[in-house]
>>> print(open('run-v3.txt').read())   # compact mmCIF, C-alpha atoms and all ligand atoms
# COMPACT_ATOMS: atom_id res chain seq x y z
CA MET A 1371 34.26 5.45 -44.69
CA ASN A 1372 34.99 8.20 -47.14
CA TYR A 1373 32.63 10.74 -48.69
CA SER A 1374 31.76 8.76 -51.84
CA THR A 1375 31.31 5.41 -50.05
CA VAL A 1376 28.96 7.05 -47.58
CA SER A 1377 26.86 8.73 -50.25
CA HIS A 1378 26.68 5.50 -52.26
CA SER A 1379 25.62 3.33 -49.31
CA LEU A 1380 22.90 5.79 -48.25
CA LYS A 1381 21.42 6.46 -51.66
CA ASN A 1382 17.73 5.48 -51.95
CA ASN A 1383 17.59 4.82 -48.21
CA PRO A 1384 14.28 6.34 -46.99
CA MET A 1385 15.96 7.18 -43.67
CA VAL A 1386 18.21 9.64 -45.52
CA PRO A 1387 16.56 12.92 -46.51
CA LEU A 1388 16.45 13.78 -50.23
CA ASP A 1389 18.54 16.52 -51.74
CA PHE A 1390 15.51 18.84 -51.68
CA LYS A 1391 17.33 21.69 -53.45
CA SER A 1392 17.51 19.63 -56.62
CA LEU A 1393 13.73 18.94 -56.75
CA HIS A 1394 11.28 21.07 -58.73
CA THR A 1395 8.23 18.86 -58.21
CA ILE A 1396 7.00 16.64 -55.38
CA PRO A 1397 7.94 12.99 -55.90
CA ASP A 1398 5.15 10.47 -55.30
CA SER A 1399 7.02 9.22 -52.21
CA HIS A 1400 6.56 12.69 -50.62
CA GLU A 1401 3.04 13.52 -51.74
CA TRP A 1402 0.51 14.02 -48.92
CA ASN A 1403 -3.19 14.63 -49.00
CA LYS A 1404 -3.23 16.70 -45.86
CA SER A 1405 -6.15 18.29 -44.05
CA ILE A 1406 -5.96 22.02 -44.35
CA VAL A 1407 -5.71 24.78 -41.83
CA VAL A 1408 -8.83 26.46 -40.39
CA ASP A 1409 -10.46 28.91 -42.81
CA ASP A 1410 -9.98 32.05 -40.80
CA PRO A 1411 -7.45 31.72 -37.98
CA ASN A 1412 -8.42 35.24 -36.83
CA THR A 1413 -11.72 33.93 -35.51
CA ILE A 1414 -9.87 31.72 -33.03
CA GLU A 1415 -8.89 32.87 -29.59
CA PRO A 1416 -5.21 33.88 -29.64
CA ILE A 1417 -2.65 31.45 -28.26
CA PRO A 1418 -1.52 32.76 -24.87
CA ILE A 1419 1.74 34.69 -24.57
CA ILE A 1420 2.94 34.40 -20.99
CA ASP A 1421 5.46 36.72 -19.40
CA LEU A 1422 7.41 34.55 -16.95
CA THR A 1423 8.02 37.57 -14.71
CA ASP A 1424 4.25 38.15 -14.38
CA PRO A 1425 3.14 37.50 -10.76
CA ASN A 1426 0.16 35.58 -12.22
CA ALA A 1427 2.36 33.38 -14.42
CA VAL A 1428 1.43 30.15 -12.60
CA SER A 1429 -2.33 30.54 -13.07
CA LEU A 1430 -1.82 31.65 -16.71
CA ILE A 1431 0.29 28.53 -17.30
CA LYS A 1432 -2.47 26.39 -15.79
CA GLN A 1433 -5.08 27.91 -18.14
CA ALA A 1434 -2.79 27.53 -21.16
CA CYS A 1435 -1.98 23.89 -20.37
CA GLU A 1436 -5.63 23.01 -19.80
CA LYS A 1437 -6.98 24.78 -22.87
CA TRP A 1438 -4.21 24.50 -25.43
CA GLY A 1439 -1.39 22.25 -24.21
CA LEU A 1440 0.82 25.05 -25.46
CA MET A 1441 1.92 28.62 -24.73
CA LEU A 1442 4.40 31.18 -25.97
CA ILE A 1443 6.71 32.48 -23.24
CA ILE A 1444 8.50 35.82 -23.07
CA ASN A 1445 10.97 37.22 -20.52
CA HIS A 1446 12.25 33.66 -20.28
CA GLY A 1447 15.84 34.71 -19.56
CA VAL A 1448 17.45 33.13 -22.64
CA PRO A 1449 19.74 35.77 -24.24
CA MET A 1450 18.55 36.55 -27.77
CA ASN A 1451 22.12 36.62 -29.13
CA ILE A 1452 22.39 32.90 -28.29
CA VAL A 1453 19.14 32.22 -30.16
CA LYS A 1454 20.45 34.20 -33.15
CA GLU A 1455 23.71 32.21 -33.14
CA LEU A 1456 21.70 29.00 -32.87
CA GLU A 1457 19.76 29.93 -36.02
CA LEU A 1458 22.95 30.82 -37.91
CA GLN A 1459 24.66 27.55 -37.00
CA THR A 1460 21.54 25.55 -37.83
CA TYR A 1461 21.40 27.11 -41.32
CA GLU A 1462 25.17 26.53 -41.66
CA LEU A 1463 24.66 22.79 -41.07
CA PHE A 1464 21.64 22.30 -43.33
CA SER A 1465 23.18 24.36 -46.17
CA LEU A 1466 25.97 21.78 -46.52
CA PRO A 1467 25.84 19.52 -49.60
CA SER A 1468 23.71 16.39 -49.10
CA GLU A 1469 26.74 14.10 -49.41
CA ARG A 1470 28.47 15.94 -46.60
CA LYS A 1471 25.44 15.77 -44.30
CA ALA A 1472 25.15 12.06 -45.04
CA CYS A 1473 28.62 11.58 -43.49
CA ALA A 1474 27.06 12.49 -40.13
CA HIS A 1475 24.11 10.16 -40.61
CA ARG A 1476 22.81 8.41 -37.46
CA SER A 1477 24.30 5.00 -37.04
CA GLU A 1478 21.93 2.02 -36.77
CA GLY A 1479 20.02 2.08 -33.49
CA SER A 1480 21.35 5.52 -32.50
CA LEU A 1481 19.13 8.54 -31.86
CA PHE A 1482 21.90 11.04 -32.60
CA GLY A 1483 23.22 12.66 -35.75
CA TYR A 1484 21.74 13.62 -39.13
CA GLY A 1485 18.66 12.00 -40.73
CA VAL A 1486 14.91 12.11 -41.13
CA HIS A 1487 12.78 13.16 -38.16
CA ARG A 1488 12.25 10.39 -35.59
CA VAL A 1489 8.51 10.22 -36.39
CA ALA A 1490 9.11 9.67 -40.14
CA PRO A 1491 9.35 5.84 -40.08
CA PHE A 1492 5.80 5.64 -38.69
CA PHE A 1493 4.13 7.19 -41.74
CA PRO A 1494 3.54 5.76 -45.22
CA LYS A 1495 4.71 8.94 -46.98
CA LEU A 1496 8.03 10.74 -46.57
CA LEU A 1497 8.46 14.22 -45.12
CA TRP A 1498 9.76 17.45 -46.62
CA SER A 1499 12.32 17.89 -43.89
CA GLU A 1500 15.63 16.77 -42.45
CA GLY A 1501 16.90 16.76 -38.89
CA PHE A 1502 19.91 16.57 -36.63
CA THR A 1503 19.64 15.30 -33.05
CA MET A 1504 22.16 15.68 -30.22
CA LEU A 1505 22.63 15.12 -26.53
CA GLY A 1506 25.43 17.30 -25.13
CA SER A 1507 28.41 17.96 -27.36
CA PRO A 1508 27.89 17.19 -31.08
CA LEU A 1509 31.69 17.14 -31.67
CA GLU A 1510 31.86 13.67 -33.15
CA HIS A 1511 29.36 14.60 -35.85
CA ALA A 1512 30.72 18.15 -36.33
CA ALA A 1513 34.09 16.60 -37.21
CA LYS A 1514 32.38 14.66 -40.02
CA LEU A 1515 30.39 17.66 -41.24
CA TRP A 1516 33.34 20.08 -41.40
CA PRO A 1517 36.43 17.82 -41.54
CA HIS A 1518 38.69 20.60 -42.86
CA GLN A 1519 37.28 23.47 -40.77
CA PRO A 1520 38.23 22.98 -37.13
CA ASP A 1521 37.10 26.54 -36.31
CA GLN A 1522 33.64 25.83 -37.68
CA GLN A 1523 33.46 22.58 -35.69
CA THR A 1524 34.27 24.57 -32.54
CA ASN A 1525 31.77 27.34 -33.33
CA PHE A 1526 28.98 24.85 -33.99
CA CYS A 1527 29.67 22.87 -30.80
CA THR A 1528 30.06 25.96 -28.60
CA VAL A 1529 26.72 27.40 -29.72
CA MET A 1530 24.87 24.07 -29.41
CA GLU A 1531 26.26 23.39 -25.93
CA GLU A 1532 25.54 26.94 -24.75
CA TYR A 1533 21.93 26.73 -26.00
CA GLN A 1534 21.42 23.32 -24.34
CA LYS A 1535 22.66 24.78 -21.05
CA GLU A 1536 20.11 27.61 -21.30
CA MET A 1537 17.34 25.19 -22.26
CA LYS A 1538 18.09 22.82 -19.40
CA LYS A 1539 17.81 25.73 -16.95
CA LEU A 1540 14.57 26.98 -18.53
CA SER A 1541 13.01 23.50 -18.71
CA GLY A 1542 13.68 22.95 -15.00
CA LYS A 1543 11.99 26.28 -14.32
CA MET A 1544 9.00 25.39 -16.54
CA MET A 1545 8.76 22.01 -14.81
CA GLU A 1546 8.60 23.76 -11.42
CA LEU A 1547 5.96 26.23 -12.66
CA MET A 1548 3.84 23.49 -14.21
CA LEU A 1549 4.01 21.39 -11.03
CA GLU A 1550 3.02 24.46 -9.02
CA SER A 1551 0.11 25.07 -11.41
CA LEU A 1552 -1.10 21.53 -10.58
CA GLY A 1553 -0.88 22.30 -6.84
CA LEU A 1554 2.35 20.26 -6.50
CA ASP A 1555 6.05 20.85 -6.06
CA SER A 1556 9.36 19.12 -6.69
CA ASP A 1557 8.93 16.90 -3.58
CA ASP A 1558 6.26 15.09 -5.59
CA VAL A 1559 8.69 13.93 -8.31
CA GLU A 1560 11.37 11.55 -7.09
CA TRP A 1561 14.09 12.50 -9.63
CA PHE A 1562 13.46 16.26 -9.65
CA LYS A 1563 14.89 18.23 -6.71
CA PRO A 1564 16.23 21.43 -8.28
CA LYS A 1565 16.83 23.12 -4.92
CA MET A 1566 19.31 20.35 -4.11
CA GLY A 1567 20.81 20.57 -7.60
CA ILE A 1568 19.14 17.31 -8.70
CA ASP A 1569 17.41 17.22 -12.06
CA ARG A 1570 17.92 13.83 -13.67
CA ALA A 1571 15.89 14.67 -16.77
CA GLN A 1572 17.41 13.64 -20.09
CA CYS A 1573 17.59 16.48 -22.55
CA MET A 1574 17.73 16.21 -26.32
CA LEU A 1575 18.17 18.94 -28.87
CA GLN A 1576 16.59 18.47 -32.29
CA LEU A 1577 17.42 20.78 -35.21
CA ASN A 1578 14.78 20.67 -37.94
CA SER A 1579 15.16 21.96 -41.49
CA TYR A 1580 12.25 22.46 -43.91
CA PRO A 1581 13.69 23.44 -47.30
CA THR A 1582 11.69 25.68 -49.61
CA CYS A 1583 9.09 23.50 -51.32
CA PRO A 1584 7.81 23.88 -54.91
CA ASP A 1585 4.27 22.75 -53.99
CA PRO A 1586 3.74 23.17 -50.23
CA ASP A 1587 0.06 22.12 -50.27
CA ARG A 1588 1.03 18.64 -51.42
CA ALA A 1589 3.93 18.10 -49.02
CA MET A 1590 4.24 17.66 -45.25
CA GLY A 1591 7.09 19.16 -43.23
CA LEU A 1592 6.50 17.14 -40.10
CA ALA A 1593 3.61 14.69 -39.73
CA PRO A 1594 1.09 15.08 -36.87
CA HIS A 1595 2.47 13.75 -33.60
CA THR A 1596 2.76 14.30 -29.88
CA ASP A 1597 6.17 14.61 -28.24
CA SER A 1598 7.42 11.78 -25.99
CA SER A 1599 8.72 14.38 -23.54
CA ILE A 1600 7.48 15.96 -20.34
CA LEU A 1601 7.65 19.32 -22.05
CA THR A 1602 9.22 20.69 -25.22
CA ILE A 1603 10.66 24.15 -25.80
CA LEU A 1604 10.62 25.17 -29.46
CA HIS A 1605 12.22 28.00 -31.37
CA GLN A 1606 10.87 28.46 -34.90
CA SER A 1607 12.30 30.78 -37.53
CA SER A 1608 10.29 33.86 -38.44
CA SER A 1609 8.36 32.26 -41.31
CA GLY A 1610 6.26 30.17 -38.85
CA GLY A 1611 4.91 26.76 -39.91
CA LEU A 1612 4.00 25.09 -36.62
CA GLN A 1613 0.33 24.06 -36.45
CA ILE A 1614 -1.67 22.60 -33.58
CA HIS A 1615 -4.82 20.52 -33.65
CA GLU A 1616 -7.95 21.46 -31.73
CA ASP A 1617 -10.77 18.93 -31.64
CA GLY A 1618 -13.81 20.29 -33.43
CA ILE A 1619 -11.84 23.17 -34.97
CA GLY A 1620 -8.97 21.74 -37.02
CA TRP A 1621 -5.39 22.84 -37.64
CA ILE A 1622 -4.42 26.23 -36.23
CA PRO A 1623 -1.19 28.03 -37.18
CA VAL A 1624 1.13 29.14 -34.39
CA ASN A 1625 2.83 32.28 -35.64
CA ALA A 1626 6.41 33.06 -34.72
CA VAL A 1627 6.52 35.94 -32.23
CA PRO A 1628 9.99 37.55 -32.08
CA GLY A 1629 11.72 36.94 -28.74
CA SER A 1630 9.26 34.27 -27.62
CA LEU A 1631 9.72 30.51 -27.25
CA VAL A 1632 6.97 27.92 -27.65
CA VAL A 1633 6.42 25.53 -24.73
CA ASN A 1634 4.22 22.49 -25.23
CA VAL A 1635 2.93 19.68 -23.06
CA GLY A 1636 4.41 16.27 -23.89
CA ASP A 1637 3.14 12.72 -23.26
CA PHE A 1638 4.86 12.41 -19.87
CA MET A 1639 3.29 15.57 -18.45
CA ASP A 1640 0.00 14.05 -19.59
CA ILE A 1641 0.87 10.90 -17.59
CA LEU A 1642 2.20 12.71 -14.49
CA SER A 1643 -0.82 15.04 -14.39
CA ASN A 1644 -3.21 12.08 -14.86
CA GLY A 1645 -4.56 13.62 -18.04
CA LYS A 1646 -5.17 17.09 -16.59
CA TYR A 1647 -2.67 18.49 -19.09
CA LYS A 1648 -3.08 16.71 -22.43
CA SER A 1649 -0.09 16.31 -24.70
CA LEU A 1650 -0.23 18.53 -27.75
CA TYR A 1651 -0.97 17.10 -31.19
CA HIS A 1652 1.00 19.18 -33.70
CA ARG A 1653 2.62 19.21 -37.13
CA ALA A 1654 4.78 21.50 -39.27
CA VAL A 1655 4.03 22.71 -42.78
CA VAL A 1656 6.37 24.02 -45.45
CA ASN A 1657 6.27 27.02 -47.78
CA ASN A 1658 7.58 27.98 -51.21
CA THR A 1659 9.53 31.11 -50.29
CA HIS A 1660 11.63 30.39 -47.19
CA HIS A 1661 13.91 27.67 -45.94
CA ARG A 1662 12.35 27.25 -42.51
CA ILE A 1663 14.16 25.92 -39.46
CA SER A 1664 13.03 25.04 -35.96
CA VAL A 1665 14.87 23.84 -32.88
CA ALA A 1666 13.11 21.62 -30.36
CA PHE A 1667 14.48 20.89 -26.89
CA PHE A 1668 12.91 17.80 -25.36
CA TYR A 1669 12.85 17.55 -21.56
CA VAL A 1670 12.45 13.84 -20.97
CA PRO A 1671 12.26 11.78 -17.74
CA PRO A 1672 15.25 9.61 -16.79
CA SER A 1673 14.88 6.50 -18.95
CA ASP A 1674 14.87 3.94 -16.09
CA VAL A 1675 12.28 5.61 -13.82
CA LYS A 1676 8.66 4.42 -13.76
CA ASN A 1677 6.34 7.35 -14.47
CA GLU A 1678 2.78 7.35 -13.24
CA PRO A 1679 0.12 9.88 -12.29
CA LEU A 1680 1.41 11.84 -9.29
CA LYS A 1681 -0.05 10.54 -6.02
CA LYS A 1682 -1.54 13.84 -4.84
CA LEU A 1683 -3.68 14.04 -7.98
CA ILE A 1684 -5.26 10.66 -7.30
CA ASP A 1685 -8.27 9.97 -5.09
CA ASP A 1686 -11.51 8.01 -5.26
CA ASP A 1687 -13.00 10.48 -7.73
CA ASN A 1688 -9.80 10.65 -9.79
CA PRO A 1689 -8.42 7.15 -10.27
CA PRO A 1690 -5.17 6.83 -12.25
CA ILE A 1691 -5.80 6.69 -15.99
CA TYR A 1692 -2.25 5.58 -16.84
CA SER A 1693 -0.19 2.64 -15.59
CA PRO A 1694 3.46 3.09 -14.53
CA VAL A 1695 5.80 3.17 -17.51
CA THR A 1696 9.46 4.05 -18.10
CA TRP A 1697 10.42 6.28 -21.00
CA ALA A 1698 12.20 3.39 -22.68
CA GLU A 1699 9.13 1.12 -22.38
CA TYR A 1700 6.86 3.89 -23.61
CA LEU A 1701 8.89 4.48 -26.78
CA GLN A 1702 8.65 0.78 -27.59
CA LYS A 1703 4.86 0.89 -27.35
CA LYS A 1704 4.04 4.28 -28.81
CA SER A 1705 2.54 4.32 -32.25
CA TYR A 1706 2.52 7.69 -33.95
CA LEU A 1707 -0.50 6.73 -36.02
CA ASP A 1708 -2.47 6.48 -32.80
CA VAL A 1709 -0.61 9.01 -30.77
CA LYS A 1710 -2.47 9.51 -27.53
CA PRO A 1711 -0.97 7.52 -24.67
CA LYS A 1712 -3.44 4.85 -23.61
CA GLN A 1713 -4.90 3.78 -20.35
CA GLY A 1714 -3.08 0.66 -19.22
CA THR A 1715 -0.08 1.13 -21.51
O1 LIG B 1 9.14 22.47 -36.61
C1 LIG B 1 8.23 22.59 -35.81
O2 LIG B 1 7.56 23.64 -35.71
C2 LIG B 1 7.83 21.46 -34.90
C3 LIG B 1 8.97 20.55 -34.53
C4 LIG B 1 8.51 19.42 -33.70
O3 LIG B 1 7.34 19.29 -33.42
C5 LIG B 1 9.44 18.37 -33.22
O4 LIG B 1 10.64 18.41 -33.57
O5 LIG B 1 8.97 17.47 -32.48
FE FE B 2 7.01 17.84 -31.89
>>> encode(input="run-v3.txt", output="structure tokens")
Amino acid sequence: MNYSTVSHSLKNNPMVPLDFKSLHTIPDSHEWNKSIVVDDPNTIEPIPIIDLTDPNAVSLIKQACEKWGLMLIINHGVPMNIVKELELQTYELFSLPSERKACAHRSEGSLFGYGVHRVAPFFPKLLWSEGFTMLGSPLEHAAKLWPHQPDQQTNFCTVMEEYQKEMKKLSGKMMELMLESLGLDSDDVEWFKPKMGIDRAQCMLQLNSYPTCPDPDRAMGLAPHTDSSILTILHQSSSGGLQIHEDGIGWIPVNAVPGSLVVNVGDFMDILSNGKYKSLYHRAVVNNTHHRISVAFFYVPPSDVKNEPLKKLIDDDNPPIYSPVTWAEYLQKKSYLDVKPKQGT
């Protein structure tokens, strides 16, 4: 399919992001009446920043997972030059003309390539954002994005692969630390034996773009959701925009702290921990001065393995609150409008 056929066939398809640059007002399709952020975020306890080299890291992680479902980590071992390159390449992709990005649109039934965020189809209004999802090398899509720039294809793929390698290492480490914080270790998870070089987790990288918005209060960057991962590692550009929900308080902004990465609890850590660590309900908002980007790395269980509360966390006083479920089954059942995983599902 050539450039013009692609752009014609995808026009007016709600699964294809709008050309946001050309919009000076919010179309009705994208207008949200969203609940606002807490009045004075300074009155709220600060979100923990955990130094992974701190000898008390495990107990700090436990507190953060129990109270917030989220933490910022520093001294995580990911070289900052790779993060910088990741940002540059992400902007490079999303700055392409809409018609060019549409050439790398996800094919029917596929999770990978360019398009709206995976949660978008579950909401009645559209989002002020666009995304690109990959697993391993994004070469096939890079060739469609930059057909006449082989060097740019190579640069994009090299940076994305390098970052995924770093994230896979860091996720394995976070998984070990979180298990330890629950009084467990890798022997308790059948597919996770890092000391023997076995980590069968699936890993997905999601680039998110939130173009500058003419009326940010009436638009939504990314609708409230929980992640269908065990844990997620997020890098957000300096303008911030991530918000988390605390029952009884409301939406709290998570500011970008240079050099840190955000780690949040996903639905499958909630299941494995038998609800001790709740998955984080979060959203992203937009602004009228900066084109914001974020990059989320989802650490997901192997799709064919049944996940259930880990045996050592179960006794007469703590019966399992979740039934065994594979990732694939869970995705079929999950509804983002009612996001918390349910007992018996
Ligand atoms: O952009 C953000 O801050 C959040 C991204 C996110 O939650 C996701 O991709 O699942
Ligand atoms: Fe998310």
>>> closest_atom_pairs(input="run-v3.txt", of="chain A", to="ligand LIG 1 (chain B)", cutoff="9 Å", atoms="only C-alpha atoms and all ligand atoms", output="tab-separated table")
residue	atom	partner	partner_atom	distance
A:His1487	CA	B:LIG1	O4	7.3
A:Arg1488	CA	B:LIG1	O5	8.4
A:Val1489	CA	B:LIG1	O5	8.2
A:Gly1501	CA	B:LIG1	O4	8.4
A:Leu1575	CA	B:LIG1	O4	8.9
A:Gln1576	CA	B:LIG1	O4	6.1
A:Leu1577	CA	B:LIG1	O4	7.4
A:Asn1578	CA	B:LIG1	O1	6.1
A:Ser1579	CA	B:LIG1	O1	7.8
A:Tyr1580	CA	B:LIG1	O1	7.9
A:Gly1591	CA	B:LIG1	O1	7.7
A:Leu1592	CA	B:LIG1	C2	6.9
A:Ala1593	CA	B:LIG1	O3	8.7
A:Pro1594	CA	B:LIG1	O3	8.3
A:His1595	CA	B:LIG1	O3	7.4
A:Thr1596	CA	B:LIG1	O5	7.4
A:Asp1597	CA	B:LIG1	O5	5.8
A:Ser1598	CA	B:LIG1	O5	8.8
A:Thr1602	CA	B:LIG1	O5	7.9
A:Leu1604	CA	B:LIG1	C3	7.1
A:His1605	CA	B:LIG1	O2	7.7
A:Gln1606	CA	B:LIG1	O2	5.9
A:Ser1607	CA	B:LIG1	O2	8.8
A:Gly1610	CA	B:LIG1	O2	7.4
A:Gly1611	CA	B:LIG1	O2	5.9
A:Leu1612	CA	B:LIG1	O2	4.0
A:Gln1613	CA	B:LIG1	O2	7.3
A:Val1624	CA	B:LIG1	O2	8.6
A:Tyr1651	CA	B:LIG1	O3	8.9
A:His1652	CA	B:LIG1	O3	6.3
A:Arg1653	CA	B:LIG1	O3	6.0
A:Ala1654	CA	B:LIG1	O2	5.0
A:Val1655	CA	B:LIG1	O2	8.0
A:Arg1662	CA	B:LIG1	O1	8.2
A:Ile1663	CA	B:LIG1	O1	6.7
A:Ser1664	CA	B:LIG1	O1	4.7
A:Val1665	CA	B:LIG1	O4	6.9
A:Ala1666	CA	B:LIG1	O4	5.2
A:Phe1667	CA	B:LIG1	O4	8.1
A:Phe1668	CA	B:LIG1	O5	8.1
>>> closest_residue(input="run-v3.txt", among="A:Pro1671, A:Glu1550, A:Asp1637, A:Trp1438", to="ligand FE 2 (chain B)", atoms="all atoms listed in the file")
A:Asp1637
>>> residues_around(input="run-v3.txt", residues="Ala1698 (chain A)", least_positions_apart="2", cutoff="10 Å", atoms="only C-alpha atoms", output="PDB file with C-alpha atoms, in the frame of the given file")
ATOM      1  CA  PRO A1671      12.260  11.780 -17.740  1.00  0.00           C
ATOM      2  CA  PRO A1672      15.250   9.610 -16.790  1.00  0.00           C
ATOM      3  CA  SER A1673      14.880   6.500 -18.950  1.00  0.00           C
ATOM      4  CA  ASP A1674      14.870   3.940 -16.090  1.00  0.00           C
ATOM      5  CA  VAL A1675      12.280   5.610 -13.820  1.00  0.00           C
ATOM      6  CA  LYS A1676       8.660   4.420 -13.760  1.00  0.00           C
ATOM      7  CA  VAL A1695       5.800   3.170 -17.510  1.00  0.00           C
ATOM      8  CA  THR A1696       9.460   4.050 -18.100  1.00  0.00           C
ATOM      9  CA  TYR A1700       6.860   3.890 -23.610  1.00  0.00           C
ATOM     10  CA  LEU A1701       8.890   4.480 -26.780  1.00  0.00           C
ATOM     11  CA  GLN A1702       8.650   0.780 -27.590  1.00  0.00           C
ATOM     12  CA  LYS A1703       4.860   0.890 -27.350  1.00  0.00           C
TER      13      LYS A1703
END
>>> atom_distance(input="run-v3.txt", atom1="CA of Ser1599 (chain A)", atom2="CA of Tyr1461 (chain A)")
25.3 Å
>>> residues_around(input="run-v3.txt", residues="region 1679-1686 of chain A", least_positions_apart="3", cutoff="10 Å", atoms="all atoms listed in the file", output="MDAnalysis selection string")
chainID A and resid 1552:1554 1558:1559 1638:1646 1689:1694
>>> write_last_selection(input="run-v3.txt", atoms="C-alpha atoms", output="PDB file, in the coordinates of the input")
ATOM      1  CA  LEU A1552      -1.100  21.530 -10.580  1.00  0.00           C
ATOM      2  CA  GLY A1553      -0.880  22.300  -6.840  1.00  0.00           C
ATOM      3  CA  LEU A1554       2.350  20.260  -6.500  1.00  0.00           C
ATOM      4  CA  ASP A1558       6.260  15.090  -5.590  1.00  0.00           C
ATOM      5  CA  VAL A1559       8.690  13.930  -8.310  1.00  0.00           C
ATOM      6  CA  PHE A1638       4.860  12.410 -19.870  1.00  0.00           C
ATOM      7  CA  MET A1639       3.290  15.570 -18.450  1.00  0.00           C
ATOM      8  CA  ASP A1640       0.000  14.050 -19.590  1.00  0.00           C
ATOM      9  CA  ILE A1641       0.870  10.900 -17.590  1.00  0.00           C
ATOM     10  CA  LEU A1642       2.200  12.710 -14.490  1.00  0.00           C
ATOM     11  CA  SER A1643      -0.820  15.040 -14.390  1.00  0.00           C
ATOM     12  CA  ASN A1644      -3.210  12.080 -14.860  1.00  0.00           C
ATOM     13  CA  GLY A1645      -4.560  13.620 -18.040  1.00  0.00           C
ATOM     14  CA  LYS A1646      -5.170  17.090 -16.590  1.00  0.00           C
ATOM     15  CA  PRO A1689      -8.420   7.150 -10.270  1.00  0.00           C
ATOM     16  CA  PRO A1690      -5.170   6.830 -12.250  1.00  0.00           C
ATOM     17  CA  ILE A1691      -5.800   6.690 -15.990  1.00  0.00           C
ATOM     18  CA  TYR A1692      -2.250   5.580 -16.840  1.00  0.00           C
ATOM     19  CA  SER A1693      -0.190   2.640 -15.590  1.00  0.00           C
ATOM     20  CA  PRO A1694       3.460   3.090 -14.530  1.00  0.00           C
TER      21      PRO A1694
END
>>> closest_residue(input="run-v3.txt", among="A:His1475, A:Leu1650, A:Tyr1484, A:Thr1423", to="Trp1621 (chain A)", atoms="all atoms listed in the file")
A:Leu1650
>>> residues_near_point(input="run-v3.txt", point="(17.6, 19.2, -11.2)", cutoff="10 Å", atoms="all atoms listed in the file", output="PyMOL selection string")
chain A and resi 1538-1539+1541-1543+1545+1556+1561-1571
>>> closest_residue(input="run-v3.txt", among="A:Ile1431, A:Ile1419, A:Val1408, A:Met1574", to="Leu1481 (chain A)", atoms="all atoms listed in the file")
A:Met1574
>>> axis_aligned_box(input="run-v3.txt", around="region 1645-1649 of chain A", padding_each_side="4 Å", output="AutoDock Vina command-line options")
--center_x -2.6 --center_y 16.1 --center_z -20.6 --size_x 13.1 --size_y 12.9 --size_z 16.1
>>> closest_residue(input="run-v3.txt", among="A:Tyr1533, A:Thr1582, A:Val1670, A:Thr1659", to="Pro1449 (chain A)", atoms="only C-alpha atoms")
A:Tyr1533
>>> closest_residue(input="run-v3.txt", among="A:Ala1427, A:Leu1497, A:Ala1472, A:Cys1583", to="His1394 (chain A)", atoms="only C-alpha atoms")
A:Cys1583
>>> closest_residue(input="run-v3.txt", among="A:Phe1390, A:Pro1384, A:Leu1540, A:Met1441", to="Asn1625 (chain A)", atoms="only C-alpha atoms")
A:Met1441
